[in-house]
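Visitor: Structure file structure09.pdb (PDB, C-alpha atoms, pLDDT in the B column) right here:
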ATOM      1  CA  MET Y   5      77.604 126.684  88.995  1.00 76.00           C
ATOM      2  CA  LYS Y   6      78.040 129.005  91.956  1.00 86.00           C
ATOM      3  CA  LYS Y   7      81.387 130.614  92.670  1.00 92.00           C
ATOM      4  CA  ALA Y   8      83.827 128.276  94.408  1.00 96.00           C
ATOM      5  CA  ILE Y   9      87.391 128.132  95.646  1.00 97.00           C
ATOM      6  CA  ILE Y  10      89.080 125.413  93.575  1.00 98.00           C
ATOM      7  CA  GLU Y  11      91.975 123.346  94.944  1.00 98.00           C
ATOM      8  CA  LYS Y  12      93.841 120.666  93.027  1.00 98.00           C
ATOM      9  CA  LEU Y  13      94.369 118.005  95.717  1.00 98.00           C
ATOM     10  CA  SER Y  14      96.130 115.517  93.435  1.00 98.00           C
ATOM     11  CA  GLU Y  15      96.519 114.695  89.769  1.00 97.00           C
ATOM     12  CA  THR Y  16      93.022 113.186  89.712  1.00 98.00           C
ATOM     13  CA  ARG Y  17      91.176 114.927  92.589  1.00 98.00           C
ATOM     14  CA  THR Y  18      89.858 118.496  92.756  1.00 98.00           C
ATOM     15  CA  ARG Y  19      88.072 120.187  95.659  1.00 98.00           C
ATOM     16  CA  TYR Y  20      85.417 122.872  95.213  1.00 98.00           C
ATOM     17  CA  THR Y  21      84.502 124.924  98.297  1.00 98.00           C
ATOM     18  CA  PHE Y  22      81.289 126.925  98.059  1.00 96.00           C
ATOM     19  CA  SER Y  23      80.990 129.499 100.848  1.00 90.00           C
ATOM     20  CA  ASP Y  24      77.359 130.462 100.138  1.00 94.00           C
ATOM     21  CA  PRO Y  25      75.149 128.736 102.710  1.00 95.00           C
ATOM     22  CA  THR Y  26      73.210 125.751 101.380  1.00 96.00           C
ATOM     23  CA  THR Y  27      69.661 124.872 102.409  1.00 96.00           C
ATOM     24  CA  LEU Y  28      71.277 123.273 105.497  1.00 96.00           C
ATOM     25  CA  GLY Y  29      72.751 126.652 106.470  1.00 96.00           C
ATOM     26  CA  GLY Y  30      76.500 126.104 106.032  1.00 96.00           C
ATOM     27  CA  GLU Y  31      79.170 125.794 103.381  1.00 96.00           C
ATOM     28  CA  LEU Y  32      79.499 122.999 100.845  1.00 98.00           C
ATOM     29  CA  ILE Y  33      82.672 121.149  99.878  1.00 98.00           C
ATOM     30  CA  VAL Y  34      82.671 118.914  96.806  1.00 98.00           C
ATOM     31  CA  ASP Y  35      85.529 116.590  95.895  1.00 98.00           C
ATOM     32  CA  VAL Y  36      85.541 115.318  92.312  1.00 98.00           C
ATOM     33  CA  THR Y  37      87.886 112.437  91.497  1.00 98.00           C
ATOM     34  CA  LYS Y  38      88.695 111.012  88.087  1.00 98.00           C
ATOM     35  CA  CYS Y  39      88.620 107.214  88.314  1.00 98.00           C
ATOM     36  CA  GLU Y  40      90.486 105.142  85.739  1.00 97.00           C
ATOM     37  CA  PRO Y  41      89.784 101.496  86.529  1.00 97.00           C
ATOM     38  CA  ASP Y  42      91.638  98.525  85.112  1.00 96.00           C
ATOM     39  CA  ASN Y  43      88.831  97.213  82.938  1.00 95.00           C
ATOM     40  CA  THR Y  44      90.930  94.237  81.901  1.00 95.00           C
ATOM     41  CA  SER Y  45      89.997  92.830  85.311  1.00 95.00           C
ATOM     42  CA  ARG Y  46      86.634  91.135  85.531  1.00 93.00           C
ATOM     43  CA  HIS Y  47      86.314  92.747  88.973  1.00 95.00           C
ATOM     44  CA  SER Y  48      86.522  96.380  87.815  1.00 97.00           C
ATOM     45  CA  LEU Y  49      83.521  98.409  88.980  1.00 97.00           C
ATOM     46  CA  PRO Y  50      82.437  99.502  85.489  1.00 97.00           C
ATOM     47  CA  ARG Y  51      82.620  95.899  84.281  1.00 97.00           C
ATOM     48  CA  LEU Y  52      80.481  94.748  87.241  1.00 97.00           C
ATOM     49  CA  TRP Y  53      78.030  97.614  86.682  1.00 97.00           C
ATOM     50  CA  GLN Y  54      77.685  96.682  83.016  1.00 97.00           C
ATOM     51  CA  LYS Y  55      77.326  92.976  83.786  1.00 96.00           C
ATOM     52  CA  GLY Y  56      74.609  93.807  86.331  1.00 97.00           C
ATOM     53  CA  GLY Y  57      72.729  95.888  83.760  1.00 97.00           C
ATOM     54  CA  TYR Y  58      73.261  99.196  85.568  1.00 97.00           C
ATOM     55  CA  ILE Y  59      75.132 100.836  82.670  1.00 97.00           C
ATOM     56  CA  GLU Y  60      74.877 100.137  78.942  1.00 96.00           C
ATOM     57  CA  ARG Y  61      78.496 100.549  77.902  1.00 95.00           C
ATOM     58  CA  LEU Y  62      81.771  99.968  79.697  1.00 97.00           C
ATOM     59  CA  LEU Y  63      83.196 103.228  81.085  1.00 97.00           C
ATOM     60  CA  GLU Y  64      86.925 103.612  80.482  1.00 97.00           C
ATOM     61  CA  ASN Y  65      86.924 106.314  83.171  1.00 98.00           C
ATOM     62  CA  TYR Y  66      84.344 108.131  85.279  1.00 98.00           C
ATOM     63  CA  TRP Y  67      83.872 110.868  87.868  1.00 98.00           C
ATOM     64  CA  ASN Y  68      83.324 110.088  91.541  1.00 98.00           C
ATOM     65  CA  VAL Y  69      81.710 112.841  93.618  1.00 98.00           C
ATOM     66  CA  GLU Y  70      81.884 113.256  97.391  1.00 98.00           C
ATOM     67  CA  THR Y  71      79.952 116.031  99.117  1.00 98.00           C
ATOM     68  CA  PHE Y  72      80.480 117.539 102.551  1.00 98.00           C
ATOM     69  CA  ALA Y  73      77.536 119.788 103.411  1.00 97.00           C
ATOM     70  CA  TYR Y  74      77.698 121.632 106.713  1.00 96.00           C
ATOM     71  CA  ASP Y  75      74.623 122.677 108.637  1.00 95.00           C
ATOM     72  CA  ASP Y  76      74.295 125.840 110.708  1.00 93.00           C
ATOM     73  CA  LYS Y  77      75.473 123.958 113.828  1.00 94.00           C
ATOM     74  CA  GLY Y  78      78.689 122.650 112.229  1.00 92.00           C
ATOM     75  CA  GLY Y  79      77.419 119.129 111.507  1.00 96.00           C
ATOM     76  CA  CYS Y  80      78.617 117.584 108.270  1.00 97.00           C
ATOM     77  CA  TRP Y  81      76.384 115.619 105.917  1.00 94.00           C
ATOM     78  CA  GLY Y  82      76.999 113.788 102.638  1.00 94.00           C
ATOM     79  CA  LYS Y  83      73.969 115.443 101.055  1.00 95.00           C
ATOM     80  CA  PHE Y  84      73.407 116.983  97.615  1.00 97.00           C
ATOM     81  CA  ASN Y  85      75.271 114.266  95.713  1.00 98.00           C
ATOM     82  CA  PRO Y  86      73.470 113.391  92.459  1.00 98.00           C
ATOM     83  CA  GLN Y  87      75.385 110.088  92.288  1.00 98.00           C
ATOM     84  CA  ILE Y  88      73.598 108.845  95.421  1.00 97.00           C
ATOM     85  CA  ILE Y  89      69.857 108.114  95.540  1.00 96.00           C
ATOM     86  CA  PRO Y  90      68.517 110.083  98.544  1.00 90.00           C
ATOM     87  CA  GLY Y  91      67.316 107.923 101.411  1.00 89.00           C
ATOM     88  CA  LYS Y  92      68.504 104.696  99.796  1.00 92.00           C
ATOM     89  CA  ASN Y  93      72.286 105.138  99.921  1.00 88.00           C
ATOM     90  CA  LYS Y  94      72.544 103.505  96.487  1.00 96.00           C
ATOM     91  CA  ILE Y  95      74.343 104.626  93.340  1.00 97.00           C
ATOM     92  CA  ASN Y  96      72.316 106.679  90.881  1.00 98.00           C
ATOM     93  CA  PHE Y  97      73.809 105.302  87.675  1.00 98.00           C
ATOM     94  CA  ASP Y  98      72.261 108.108  85.616  1.00 97.00           C
ATOM     95  CA  TRP Y  99      75.033 110.264  87.098  1.00 98.00           C
ATOM     96  CA  MET Y 100      77.961 107.868  86.660  1.00 98.00           C
ATOM     97  CA  LEU Y 101      79.501 109.839  83.828  1.00 98.00           C
ATOM     98  CA  GLU Y 102      82.604 109.511  81.701  1.00 97.00           C
ATOM     99  CA  ALA Y 103      85.421 111.737  83.017  1.00 98.00           C
ATOM    100  CA  THR Y 104      85.201 114.672  80.620  1.00 98.00           C
ATOM    101  CA  GLU Y 105      85.299 118.353  81.588  1.00 97.00           C
ATOM    102  CA  GLU Y 106      81.751 118.767  80.249  1.00 98.00           C
ATOM    103  CA  ASN Y 107      80.491 115.953  82.481  1.00 98.00           C
ATOM    104  CA  LYS Y 108      82.334 117.349  85.508  1.00 98.00           C
ATOM    105  CA  ARG Y 109      80.517 120.631  84.926  1.00 97.00           C
ATOM    106  CA  LYS Y 110      77.173 118.773  84.672  1.00 98.00           C
ATOM    107  CA  LEU Y 111      77.852 117.041  87.988  1.00 98.00           C
ATOM    108  CA  LEU Y 112      78.823 120.267  89.764  1.00 98.00           C
ATOM    109  CA  ASP Y 113      75.738 122.016  88.346  1.00 97.00           C
ATOM    110  CA  ALA Y 114      73.586 119.135  89.638  1.00 98.00           C
ATOM    111  CA  VAL Y 115      75.174 119.390  93.111  1.00 98.00           C
ATOM    112  CA  CYS Y 116      74.472 123.123  93.192  1.00 97.00           C
ATOM    113  CA  ALA Y 117      70.877 122.610  92.013  1.00 97.00           C
ATOM    114  CA  LEU Y 118      70.326 120.200  94.913  1.00 97.00           C
ATOM    115  CA  ALA Y 119      72.118 122.355  97.493  1.00 97.00           C
ATOM    116  CA  TYR Y 120      70.762 125.767  96.618  1.00 96.00           C
TER
END
Represent the structure contained in this file as structure tokens.

Guide:
Amino acid sequence: MKKAIIEKLSETRTRYTFSDPTTLGGELIVDVTKCEPDNTSRHSLPRLWQKGGYIERLLENYWNVETFAYDDKGGCWGKFNPQIIPGKNKINFDWMLEATEENKRKLLDAVCALAY
């Protein structure tokens, strides 16, 4: 992972700001949020994902990634997010990972690989 400024925005959300220019030409901000759904509800996202065959086992928690990639003109794009299939705006379930520190690192490494 490239060097980043790390800000704890809340108990479950952390922001990583990478000042090195991405392939778009500007900085990259990545927010990583730990999600802890109520899986006792039949409407919890992990339960729906499992029921739909998108994931094999029910996730008790997972990471959600949001990316804010700036271009050299100041425009902001939600690019370089491994959890989103490029061009389809659909979830890439291969990257819906349990909320461990190791998995957060994997996600941030994947963002950097896409961005740089």

Visitor: Set the distance at 8 Å and use only C-alpha atoms: which residues neighbour stretch 44-52 of chain Y once local chain neighbours fewer than 5 positions away are removed? I'd like the list as an mmCIF file with C-alpha atoms, in the coordinates of the input.

Guide:
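Output below, filename around_11.cif:
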data_model
loop_
_atom_site.group_PDB
_atom_site.id
_atom_site.type_symbol
_atom_site.label_atom_id
_atom_site.label_comp_id
_atom_site.auth_asym_id
_atom_site.auth_seq_id
_atom_site.Cartn_x
_atom_site.Cartn_y
_atom_site.Cartn_z
ATOM 1 C CA ILE Y 59 75.132 100.836 82.670
ATOM 2 C CA LEU Y 62 81.771 99.968 79.697
ATOM 3 C CA LEU Y 63 83.196 103.228 81.085
ATOM 4 C CA GLU Y 64 86.925 103.612 80.482
#

Visitor: Rounded to one decimal place, report the atom CA of Y:Gly79-atom CA of Y:Arg19 distance in Å.

Guide: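 Atom-to-atom, atom CA of Y:Gly79 and atom CA of Y:Arg19 are spaced 19.1 Å apart.
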
Visitor: Given the file shown, enumerate the residues that the PyMOL selection byres ((chain Y and resi 75) around 10) captures and present them as a count of residues only.

Guide: 17

Visitor: Please expand the PyMOL selection byres ((chain Y and resi 119) around 6) into the concrete residues it hits in this file, giving the result as a PyMOL selection string.

Guide: chain Y and resi 26+84+116-118+120

Visitor: One decimal, in Å: what's the spacing between atom CA of Y:Trp99 and atom CA of Y:Val115?

Guide: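 Interatomic distance, atom CA of Y:Trp99 to atom CA of Y:Val115: 10.9 Å.
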
Visitor: Run through the PyMOL selection byres ((chain Y and resi 71) around 6) on the given coordinates and return the selected residues as a list of chain:residue names.

Guide: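 Applied to this file, the PyMOL selection byres ((chain Y and resi 71) around 6) selects Y:Ile33, Y:Val34, Y:Glu70, Y:Phe72, Y:Gly82.
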
Visitor: What does the file look like for those residues with C-alpha atoms, as an mmCIF file, in the coordinates of the input?

Guide:
data_model
loop_
_atom_site.group_PDB
_atom_site.id
_atom_site.type_symbol
_atom_site.label_atom_id
_atom_site.label_comp_id
_atom_site.auth_asym_id
_atom_site.auth_seq_id
_atom_site.Cartn_x
_atom_site.Cartn_y
_atom_site.Cartn_z
ATOM 1 C CA ILE Y 33 82.672 121.149 99.878
ATOM 2 C CA VAL Y 34 82.671 118.914 96.806
ATOM 3 C CA GLU Y 70 81.884 113.256 97.391
ATOM 4 C CA PHE Y 72 80.480 117.539 102.551
ATOM 5 C CA GLY Y 82 76.999 113.788 102.638
#

Visitor: What is the atom CA of Y:Gln87-atom CA of Y:Leu112 distance in Å, reported with one decimal?

Guide: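 Value for the atom CA of Y:Gln87-atom CA of Y:Leu112 distance: 11.0 Å.
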
Visitor: Which of these residues is nearest to Y:Val36, using all atoms listed in the file: Y:Gln54, Y:Asn107, Y:Asn96, Y:Ser23?

Guide: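 Result for the nearest residue to Y:Val36: Y:Asn107.
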
Visitor: Tell me which of Y:Ile9, Y:Ser14, Y:Asn68, Y:Asp35 sits closest to Y:Thr104, counting all atoms listed in the file.

Guide: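 For Y:Thr104, the nearest of the given residues is Y:Asn68.
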